[in-house]
There are 4 protein chains.
Amino acid sequence: MEIRPPENASRWRQAAYRVIFESDTRAGQLFDIALLAAILLSVMTVMLESVQGIEARFGPELRMVEWAFTGLFVIEYLMRLAVVRRPLSYALSPLGIIDFLAIVPTVAALVLVGSRYLLVIRTLRLLRVFRIFKLGQFVGEGEFILSALKASRYKILVFLTTVFTLVIVIGTMMYVIEGGQNGFTSIPKSIYWAIVTLTTVGYGDISPVTVLGQSLASVLMILGYAIIAVPTGIVSAQMSGAGAQARPVFKQVVCHVCQAPDHRDDAEFCWRCGEKL
Amino acid sequence: MEIRPPENASRWRQAAYRVIFESDTRAGQLFDIALLAAILLSVMTVMLESVQGIEARFGPELRMVEWAFTGLFVIEYLMRLAVVRRPLSYALSPLGIIDFLAIVPTVAALVLVGSRYLLVIRTLRLLRVFRIFKLGQFVGEGEFILSALKASRYKILVFLTTVFTLVIVIGTMMYVIEGGQNGFTSIPKSIYWAIVTLTTVGYGDISPVTVLGQSLASVLMILGYAIIAVPTGIVSAQMSGAGAQARPVFKQVVCHVCQAPDHRDDAEFCWRCGEKL
Amino acid sequence: MEIRPPENASRWRQAAYRVIFESDTRAGQLFDIALLAAILLSVMTVMLESVQGIEARFGPELRMVEWAFTGLFVIEYLMRLAVVRRPLSYALSPLGIIDFLAIVPTVAALVLVGSRYLLVIRTLRLLRVFRIFKLGQFVGEGEFILSALKASRYKILVFLTTVFTLVIVIGTMMYVIEGGQNGFTSIPKSIYWAIVTLTTVGYGDISPVTVLGQSLASVLMILGYAIIAVPTGIVSAQMSGAGAQARPVFKQVVCHVCQAPDHRDDAEFCWRCGEKL
Amino acid sequence: MEIRPPENASRWRQAAYRVIFESDTRAGQLFDIALLAAILLSVMTVMLESVQGIEARFGPELRMVEWAFTGLFVIEYLMRLAVVRRPLSYALSPLGIIDFLAIVPTVAALVLVGSRYLLVIRTLRLLRVFRIFKLGQFVGEGEFILSALKASRYKILVFLTTVFTLVIVIGTMMYVIEGGQNGFTSIPKSIYWAIVTLTTVGYGDISPVTVLGQSLASVLMILGYAIIAVPTGIVSAQMSGAGAQARPVFKQVVCHVCQAPDHRDDAEFCWRCGEKL
């Protein structure tokens with residue numbers, strides 16, 4: 001993202017930029033944490049409002065809190081626009097769009113009736129939680145997991161293709177075997193059942209009744225139980241490998257006298273000839 | 001498979017062979033992708049037809065689409081037969097049989113009534129999806145997973161034997177303990193329950209009611225929870241190991257005298273004949 | 001087990017011993033496989049008899065088959081006793097007891113009525129299936145898995161203790177929170193529920209209804225989801241390690257000329273100086 | 001914990017301290033095991049009392065047993081106070097508080113009616129079970145698992161944050177899609193459902209009914225099935241790594257000049273002061 005402060009910006013503006021957009025200063029970190037708390041609390045308000053008992057008793061209060069948070073987010077959004085060098089490029093960035101959409105639902109609720117669907121957008125703001133991973137220790141760890149997943153992306157795709165093919169073929173088989181009277185009313189529904197079974201979720205809302213169906217289901221379960229080993233193996237192997245490479249235990253220097261490599265990170269003398277490094 | 005183009009084939013025929021059967025040319029890749037899209041869409045048509053609401057409204061249209069795809073697949077099948085050197089050996093190969101069977105159901109539906117069962121064959125065509133793994137990056141990854149599974153096949157067999165023995169013994173126990181009045185109406189059904197439980201699917205269509213039954217079920221669940229570690233461990237270890245072996249530990253040369261491969265990276269003499277490499 | 005053929009045994013007896021008790025001869029392997037098939041078929045007979053529809057129609061036939069197998073097993077048992085040097089030590093060994101008990105149920109059914117419980121013993125004979133792992137390739141693999149589990153036994157015990165403590169503490173909490181009216185009628189039943197939940201089986205026969213109960217259940221599920229990583233990690237690490245140690249890729253000799261180590265298992269010449277090893 | 005015996009304590013007191021608080025003597029180990037047995041039995045008593053059938057028949061006996069154990073624990077608690085150098089610091093330590101609270105419920109039941117909730121505290125005493133891991137072989141193993149988990153704590157936090165965000169976002173979506181008439185009566189309940197699904201528990205008390213809901217649920221299940229690979233991978237890699245680091249890469253000597261430990265296996269000079277080892 002090309003989000004940077006205006007070049008010939010005033011002092012105040014540059015300082016504000018660092019606080020709002022970056023987290024390498026103390027003020028910037030506090031801002032991030034305060035924002036995170038506000039997001040969590042606003043999401044919690046949305047949740048509580050959806051509970052009938054609580055809505056009936058604390059409805060007006062909750063809506064007031066909601067408006068307060070919306071106000072805060074509007075101010076934050078405007079500040080971001082004011083402080084950034086290219087407001088439009090921020091506004092069109094994924095986070096910018098989420099920031100904007102997070103304000104809409106409360107306002108839209110005044111006009112529209114079916115604003116229920118906008119609720120989801122509000123919770124999407126939670127994605128900002130991942131900003132916190134920019135702080136300190138987390139950078140490396142988050143990147144580690146992501147890079148392990150990224151390095152395994154082709155293996156994961158092969159895996160997912162196998163899973164989907166399996167689920168479609170067995171789902172169709174079950175539709176033919178069990179049929180509508182046992183809950184397998186259509187192929188898509190049978191595939192849904194196959195996914196529920198293969199992933200070992202097993203709601204039990206649909207379950208095979210005939211002997212043949214139960215046999216095929218048993219095969220699918222054993223397969224699901226065994227197949228889970230594959231993604232786990234992929235990620236484990238990747239992480240073991242990535243971990244091995246990531247270990248910065250040794251200095252990147254060789255002894256200038258005997259050329260010995262692999263000195264401890266905190267070594268001051270060569271382990272082979274005793275020369276000062 | 002001995003599927004190759006006719007030796008003294010015409011130019012056109014050889015070109016067509018490369019497009020239809022291979023994927024090392026641009027045209028061949030496009031053909032593969034188009035075929036894949038056609039398969040996915042035809043499977044989707046089959047699925048939608050099985051949904052009553054959609055069938056009622058779009059029945060005729062869906063059947064038309066079905067016929068169109070069947071036409072396409074007939075043409076593709078005939079082209080394959082025409083282009084290949086030994087049509088019979090293609091027709092009898094697994095993919096050839098699937099290609100043929102994929103055409104049958106739509107045609108058979110005109111004559112037979114119980115062609116419902118032929119639906120499954122149609123979805124089997126999905127197996128062609130795995131052809132895409134021949135493209136580019138996937139070759140290595142797919143082979144990697146397969147070779148890891150292959151290298152672990154004896155371990156997996158030992159594992160599966162243990163699982164099946166466990167499931168039969170505990171299934172029989174539950175049949176004796178719980179009996180028909182609690183849903184465990186026969187030993188096969190009790191074994192089905194044991195598989196549902198061991199694999200942690202847990203539909204809940206059958207579940208133990210007596211104290212003894214629930215205790216035994218608890219043991220089975222803990223076992224299932226622990227046993228899952230075994231296939232995962234097998235595949236993880238294999239993949240870590242396979243990755244380790246894939247590292248260039250060996251020279252990429254063979255001895256010019258005895259053709260022995262796999263020399264140490266730092267070897268200067270052949271391990272088999274002692275000749276200078 | 002001190003099961004060996006009589007020392008000054010007749011030729012015939014020694015040959016019979018090798019066939020019946022060992023599997024390093026072709027005849028011995030055939031005997032093992034035939035026995036295995038008989039066991040599998042007899043277990044299948046027991047299963048089919050428990051299905052009401054089949055029992056009603058093929059009852060007499062199945063019972064005949066049962067008697068035939070029992071006859072076979074009696075003969076086998078007597079032969080084992082006749083051929084072995086110390087019949088008593090065989091008869092009292094675990095496999096000997098199972099062999100004996102496997103005959104009892106069919107005979108006992110003539111006298112006793114409640115012989116239903118003896119069914120379980122019959123299926124226990126399945127444990128003989130594991131004898132097949134003595135054949136060929138399986139020896140190493142089975143031992144590999146067992147040794148990995150054995151090496152991890154303390155870690156697994158720590159793991160199981162944690163699981164049981166967790167399940168008892170949270171089970172008691174749920175009993176207090178939800179109470180009998182929501183299905184948590186006693187602490188043992190609540191613990192049963194906790195096991196069903198932690199192992200991610202989730203029958204749904206008992207499930208929390210109150211908000212507090214569902215919150216605690218959520219915590220338990222996330223815990224269960226995370227805890228599964230521990231046994232998997234234990235076994236994976238063990239197998240990777242065991243695999244690394246088990247690899248006998250290199251010869252245990254050094255070159256007598258240049259002292260170079262790590263020669264290929266099949267190397268005849270030193271990779272460094274080309275000298276004959 | 002600053003729990004040590006009185007400095008100028010009498011012989012008897014010091015001996016008692018070693019028996020009660022430590023487990024490096026035979027008497028101390030026996031005391032630990034006896035205590036553990038008492039705890040397990042008392043927890044079992046609590047469990048049995050909660051079963052109506054057993055309570056009705058053996059109520060008075062069970063309550064007598066309960067009083068006996070409470071008496072034992074009171075004596076143990078007083079002994080601990082008497083023997084330790086700083087009774088207050090013991091009494092306020094986590095284990096001290098649990099020891100105290102474990103006595104309260106039985107006594108409180110005489111006065112209060114709603115002492116039901118105190119049951120949970122009684123089972124918390126089970127945490128003392130982990131003391132047994134101080135004995136022998138277990139120390140290393142328990143520490144190994146804990147250190148592997150500790151080293152992975154940031155990765156686990158990133159993982160949990162992802163899981164919670166996912167669950168909240170998808171839970172809200174399902175609330176909007178399915179609505180109250182299909183069981184998704186509030187956002188918290190929908191989130192509970194999302195956790196039940198993602199962790200593959202799948203009770204089936206709430207399950208999607210609409211096509212859109214079932215599709216989203218399928219996505220969540222596949223995600224849950226794949227996501228489980230991440231914690232497993234983390235712990236596996238950590239354990240493999242921890243195992244790798246535990247191998248004797250380092251010399252078992254410290255520098256005789258500067259006492260620096262952890263010298264390379266082949267080091268001849270100290271890495272800190274350059275002295276000859």
# chains A, B, ... in the order shown; residues from 1 in each chain; ligands from 1
>>> interface_residues(of="chain A", to="chain D", cutoff="6 Å", atoms="only C-alpha atoms", output="tab-separated table (two decimals) with N, CA, C and O atoms, in the first residue's frame")
chain	number	residue	atom	x	y	z
A	47	MET	N	-23.05	-8.12	19.42
A	47	MET	CA	-23.41	-9.46	19.88
A	47	MET	C	-24.54	-9.41	20.90
A	47	MET	O	-25.53	-10.14	20.79
A	50	SER	N	-28.02	-8.81	19.85
A	50	SER	CA	-28.70	-9.90	19.15
A	50	SER	C	-29.34	-10.89	20.11
A	50	SER	O	-30.12	-11.74	19.71
A	51	VAL	N	-28.99	-10.77	21.41
A	51	VAL	CA	-29.60	-11.66	22.40
A	51	VAL	C	-30.93	-11.04	22.85
A	51	VAL	O	-30.95	-9.93	23.36
A	120	VAL	N	-22.76	-8.10	9.62
A	120	VAL	CA	-21.57	-8.89	9.32
A	120	VAL	C	-20.39	-7.98	9.07
A	120	VAL	O	-19.28	-8.22	9.54
A	123	THR	N	-18.57	-6.79	12.10
A	123	THR	CA	-17.63	-7.73	12.74
A	123	THR	C	-16.36	-7.89	11.90
A	123	THR	O	-15.32	-8.25	12.44
A	141	GLU	N	6.62	-14.51	14.22
A	141	GLU	CA	5.81	-15.73	14.37
A	141	GLU	C	4.72	-15.79	13.31
A	141	GLU	O	4.51	-16.84	12.69
A	199	THR	N	-14.86	-34.47	7.48
A	199	THR	CA	-14.14	-33.59	8.41
A	199	THR	C	-14.35	-34.02	9.86
A	199	THR	O	-13.90	-33.35	10.77
A	200	THR	N	-15.02	-35.13	10.07
A	200	THR	CA	-15.31	-35.70	11.39
A	200	THR	C	-16.15	-34.77	12.27
A	200	THR	O	-16.13	-34.90	13.49
A	201	VAL	N	-16.90	-33.83	11.65
A	201	VAL	CA	-17.79	-32.97	12.44
A	201	VAL	C	-18.97	-33.82	12.93
A	201	VAL	O	-19.23	-33.89	14.13
A	202	GLY	N	-19.68	-34.43	11.99
A	202	GLY	CA	-20.75	-35.36	12.35
A	202	GLY	C	-21.89	-34.79	13.15
A	202	GLY	O	-22.11	-35.19	14.28
A	203	TYR	N	-22.67	-33.86	12.54
A	203	TYR	CA	-23.82	-33.32	13.27
A	203	TYR	C	-24.82	-34.41	13.62
A	203	TYR	O	-25.36	-34.43	14.72
A	204	GLY	N	-25.11	-35.25	12.63
A	204	GLY	CA	-26.15	-36.24	12.84
A	204	GLY	C	-27.51	-35.76	12.38
A	204	GLY	O	-28.50	-36.43	12.60
A	231	PRO	N	-2.51	-32.94	5.56
A	231	PRO	CA	-2.18	-31.52	5.77
A	231	PRO	C	-1.29	-31.34	7.00
A	231	PRO	O	-0.40	-30.50	7.01
A	232	THR	N	-1.56	-32.14	8.04
A	232	THR	CA	-0.75	-32.04	9.25
A	232	THR	C	0.71	-32.36	8.92
A	232	THR	O	1.62	-31.65	9.33
A	235	VAL	N	2.29	-29.41	6.90
A	235	VAL	CA	2.64	-28.22	7.69
A	235	VAL	C	3.77	-28.55	8.68
A	235	VAL	O	4.69	-27.75	8.87
A	236	SER	N	3.70	-29.73	9.30
A	236	SER	CA	4.77	-30.12	10.24
A	236	SER	C	6.11	-30.13	9.55
A	236	SER	O	7.08	-29.53	10.05
A	239	MET	N	7.23	-26.68	8.73
A	239	MET	CA	7.65	-25.90	9.89
A	239	MET	C	8.97	-26.40	10.44
A	239	MET	O	9.81	-25.60	10.87
A	240	SER	N	9.16	-27.69	10.47
A	240	SER	CA	10.44	-28.23	10.93
A	240	SER	C	11.54	-27.69	10.03
A	240	SER	O	12.57	-27.21	10.49
A	267	ALA	N	29.77	-15.25	20.79
A	267	ALA	CA	31.18	-15.60	20.95
A	267	ALA	C	32.07	-14.40	20.67
A	267	ALA	O	31.78	-13.60	19.78
A	268	GLU	N	33.14	-14.26	21.44
A	268	GLU	CA	34.08	-13.17	21.19
A	268	GLU	C	35.42	-13.72	20.71
A	268	GLU	O	36.26	-12.98	20.20
A	269	PHE	N	35.62	-15.03	20.93
A	269	PHE	CA	36.88	-15.64	20.50
A	269	PHE	C	36.58	-16.85	19.63
A	269	PHE	O	35.57	-17.54	19.84
A	271	TRP	N	36.49	-20.50	18.30
A	271	TRP	CA	36.50	-21.76	19.03
A	271	TRP	C	37.62	-22.67	18.55
A	271	TRP	O	37.97	-23.63	19.22
A	272	ARG	N	38.18	-22.41	17.37
A	272	ARG	CA	39.20	-23.31	16.88
A	272	ARG	C	40.62	-22.84	17.22
A	272	ARG	O	41.42	-23.63	17.70
A	274	GLY	N	41.23	-19.71	19.01
A	274	GLY	CA	41.30	-18.85	20.18
A	274	GLY	C	41.58	-17.39	19.86
A	274	GLY	O	41.72	-16.56	20.76
>>> select_by_dssp(residues="segment 4-247 of chain A", states="helix (DSSP H, G or I)", output="PyMOL selection string")
chain A and resi 11-21+26-49+52-83+87-91+94-101+104-111+115-134+138-151+153-178+180-182+187-198+211-227+229-246
>>> atom_distance(atom1="atom CA of Leu35 of chain C", atom2="atom CA of Arg11 of chain C")
23.2 Å
>>> closest_residue(among="B:Arg125, B:Leu149, B:Leu212, B:Gly180", to="Gln52 of chain C", atoms="only C-alpha atoms")
B:Gly180
>>> residues_around(residues="Phe100 of chain B", least_positions_apart="2", cutoff="10 Å", atoms="only C-alpha atoms", output="list in words")
Phe73, Val74, Tyr77, Leu78, Ala91, Leu92, Pro94, Leu95, Gly96, Ile97, Ile98, Ala102, Ile103, Val104, Pro105, Ile121, Arg122 and Arg125 of chain B
>>> write_last_selection(atoms="all heavy atoms", output="CSV table (one decimal), in the first residue's frame")
chain,number,residue,atom,x,y,z
B,73,PHE,N,-18.7,-34.6,-25.1
B,73,PHE,CA,-17.9,-35.7,-24.6
B,73,PHE,C,-17.8,-36.8,-25.6
B,73,PHE,O,-16.8,-37.5,-25.8
B,73,PHE,CB,-18.4,-36.2,-23.2
B,73,PHE,CG,-18.2,-35.2,-22.1
B,73,PHE,CD1,-19.1,-35.1,-21.1
B,73,PHE,CD2,-17.1,-34.3,-22.1
B,73,PHE,CE1,-18.9,-34.2,-20.0
B,73,PHE,CE2,-16.9,-33.4,-21.1
B,73,PHE,CZ,-17.9,-33.4,-20.1
B,74,VAL,N,-18.9,-37.0,-26.4
B,74,VAL,CA,-18.9,-38.0,-27.4
B,74,VAL,C,-17.9,-37.6,-28.5
B,74,VAL,O,-17.1,-38.4,-28.9
B,74,VAL,CB,-20.3,-38.1,-28.1
B,74,VAL,CG1,-20.3,-38.9,-29.4
B,74,VAL,CG2,-21.3,-38.8,-27.1
B,77,TYR,N,-14.5,-38.1,-27.2
B,77,TYR,CA,-14.1,-39.6,-27.1
B,77,TYR,C,-13.8,-40.1,-28.5
B,77,TYR,O,-12.8,-40.8,-28.6
B,77,TYR,CB,-15.3,-40.3,-26.5
B,77,TYR,CG,-15.1,-41.8,-26.3
B,77,TYR,CD1,-14.2,-42.2,-25.3
B,77,TYR,CD2,-15.7,-42.8,-27.0
B,77,TYR,CE1,-13.9,-43.5,-25.1
B,77,TYR,CE2,-15.5,-44.1,-26.8
B,77,TYR,CZ,-14.6,-44.5,-25.8
B,77,TYR,OH,-14.3,-45.8,-25.6
B,78,LEU,N,-14.6,-39.7,-29.5
B,78,LEU,CA,-14.3,-40.2,-30.8
B,78,LEU,C,-12.9,-39.6,-31.3
B,78,LEU,O,-12.2,-40.3,-31.9
B,78,LEU,CB,-15.4,-39.7,-31.8
B,78,LEU,CG,-16.8,-40.4,-31.5
B,78,LEU,CD1,-17.8,-39.8,-32.4
B,78,LEU,CD2,-16.7,-41.9,-31.7
B,91,ALA,N,-9.1,-47.4,-25.2
B,91,ALA,CA,-10.5,-47.7,-24.8
B,91,ALA,C,-10.6,-48.6,-23.6
B,91,ALA,O,-11.6,-48.5,-22.8
B,91,ALA,CB,-11.3,-48.3,-25.9
B,92,LEU,N,-9.6,-49.4,-23.4
B,92,LEU,CA,-9.6,-50.3,-22.2
B,92,LEU,C,-8.8,-49.8,-21.0
B,92,LEU,O,-8.8,-50.5,-20.0
B,92,LEU,CB,-9.1,-51.7,-22.7
B,92,LEU,CG,-10.0,-52.4,-23.7
B,92,LEU,CD1,-9.4,-53.7,-24.1
B,92,LEU,CD2,-11.4,-52.7,-23.2
B,94,PRO,N,-8.1,-47.3,-17.8
B,94,PRO,CA,-9.0,-46.8,-16.8
B,94,PRO,C,-9.7,-45.5,-17.3
B,94,PRO,O,-10.9,-45.3,-17.2
B,94,PRO,CB,-8.2,-46.6,-15.6
B,94,PRO,CG,-7.0,-47.6,-15.7
B,94,PRO,CD,-6.8,-47.7,-17.2
B,95,LEU,N,-8.8,-44.5,-17.8
B,95,LEU,CA,-9.4,-43.3,-18.2
B,95,LEU,C,-10.3,-43.4,-19.4
B,95,LEU,O,-11.4,-42.8,-19.5
B,95,LEU,CB,-8.3,-42.3,-18.5
B,95,LEU,CG,-7.7,-41.5,-17.3
B,95,LEU,CD1,-6.6,-40.6,-17.8
B,95,LEU,CD2,-8.7,-40.7,-16.6
B,96,GLY,N,-9.9,-44.3,-20.3
B,96,GLY,CA,-10.8,-44.6,-21.4
B,96,GLY,C,-12.1,-45.1,-21.1
B,96,GLY,O,-13.2,-44.7,-21.6
B,97,ILE,N,-12.1,-46.0,-20.1
B,97,ILE,CA,-13.4,-46.6,-19.6
B,97,ILE,C,-14.3,-45.5,-19.0
B,97,ILE,O,-15.5,-45.4,-19.3
B,97,ILE,CB,-13.2,-47.8,-18.7
B,97,ILE,CG1,-12.5,-48.9,-19.5
B,97,ILE,CG2,-14.4,-48.2,-18.0
B,97,ILE,CD1,-12.0,-50.0,-18.6
B,98,ILE,N,-13.7,-44.7,-18.2
B,98,ILE,CA,-14.4,-43.6,-17.5
B,98,ILE,C,-15.0,-42.7,-18.6
B,98,ILE,O,-16.1,-42.3,-18.5
B,98,ILE,CB,-13.5,-42.8,-16.5
B,98,ILE,CG1,-13.2,-43.7,-15.3
B,98,ILE,CG2,-14.2,-41.6,-16.1
B,98,ILE,CD1,-12.3,-43.1,-14.3
B,102,ALA,N,-18.9,-42.1,-19.0
B,102,ALA,CA,-19.5,-40.8,-18.8
B,102,ALA,C,-20.5,-40.4,-19.8
B,102,ALA,O,-21.3,-39.5,-19.6
B,102,ALA,CB,-18.4,-39.8,-18.7
B,103,ILE,N,-20.4,-41.0,-21.0
B,103,ILE,CA,-21.4,-40.7,-22.0
B,103,ILE,C,-22.7,-41.5,-21.9
B,103,ILE,O,-23.8,-41.1,-22.1
B,103,ILE,CB,-20.8,-41.0,-23.4
B,103,ILE,CG1,-19.4,-40.4,-23.6
B,103,ILE,CG2,-21.7,-40.5,-24.5
B,103,ILE,CD1,-18.6,-40.9,-24.8
B,104,VAL,N,-22.5,-42.8,-21.4
B,104,VAL,CA,-23.6,-43.7,-21.3
B,104,VAL,C,-24.9,-43.2,-20.6
B,104,VAL,O,-26.0,-43.2,-21.1
B,104,VAL,CB,-23.1,-45.0,-20.7
B,104,VAL,CG1,-24.3,-46.0,-20.5
B,104,VAL,CG2,-22.1,-45.7,-21.6
B,105,PRO,N,-24.7,-42.6,-19.4
B,105,PRO,CA,-25.9,-42.4,-18.6
B,105,PRO,C,-27.0,-41.5,-19.3
B,105,PRO,O,-28.2,-41.9,-19.3
B,105,PRO,CB,-25.4,-41.6,-17.3
B,105,PRO,CG,-24.0,-42.0,-17.2
B,105,PRO,CD,-23.5,-42.3,-18.7
B,121,ILE,N,-21.4,-42.7,-12.1
B,121,ILE,CA,-20.4,-42.8,-13.1
B,121,ILE,C,-20.1,-41.4,-13.7
B,121,ILE,O,-18.9,-41.1,-13.9
B,121,ILE,CB,-20.9,-43.7,-14.2
B,121,ILE,CG1,-20.9,-45.1,-13.7
B,121,ILE,CG2,-19.9,-43.7,-15.4
B,121,ILE,CD1,-21.8,-46.1,-14.5
B,122,ARG,N,-21.1,-40.6,-13.9
B,122,ARG,CA,-20.9,-39.3,-14.4
B,122,ARG,C,-19.9,-38.5,-13.6
B,122,ARG,O,-19.0,-37.8,-14.1
B,122,ARG,CB,-22.2,-38.5,-14.5
B,122,ARG,CG,-22.2,-37.4,-15.5
B,122,ARG,CD,-22.9,-37.8,-16.8
B,122,ARG,NE,-24.2,-38.3,-16.6
B,122,ARG,CZ,-25.3,-37.5,-16.6
B,122,ARG,NH1,-25.3,-36.3,-16.9
B,122,ARG,NH2,-26.5,-38.1,-16.4
B,125,ARG,N,-16.1,-38.9,-13.6
B,125,ARG,CA,-15.3,-38.2,-14.6
B,125,ARG,C,-14.4,-37.1,-14.0
B,125,ARG,O,-13.4,-36.7,-14.5
B,125,ARG,CB,-16.2,-37.6,-15.6
B,125,ARG,CG,-16.0,-38.2,-17.0
B,125,ARG,CD,-16.4,-37.3,-18.1
B,125,ARG,NE,-15.8,-37.8,-19.3
B,125,ARG,CZ,-15.4,-37.1,-20.3
B,125,ARG,NH1,-15.5,-35.8,-20.2
B,125,ARG,NH2,-14.8,-37.6,-21.3
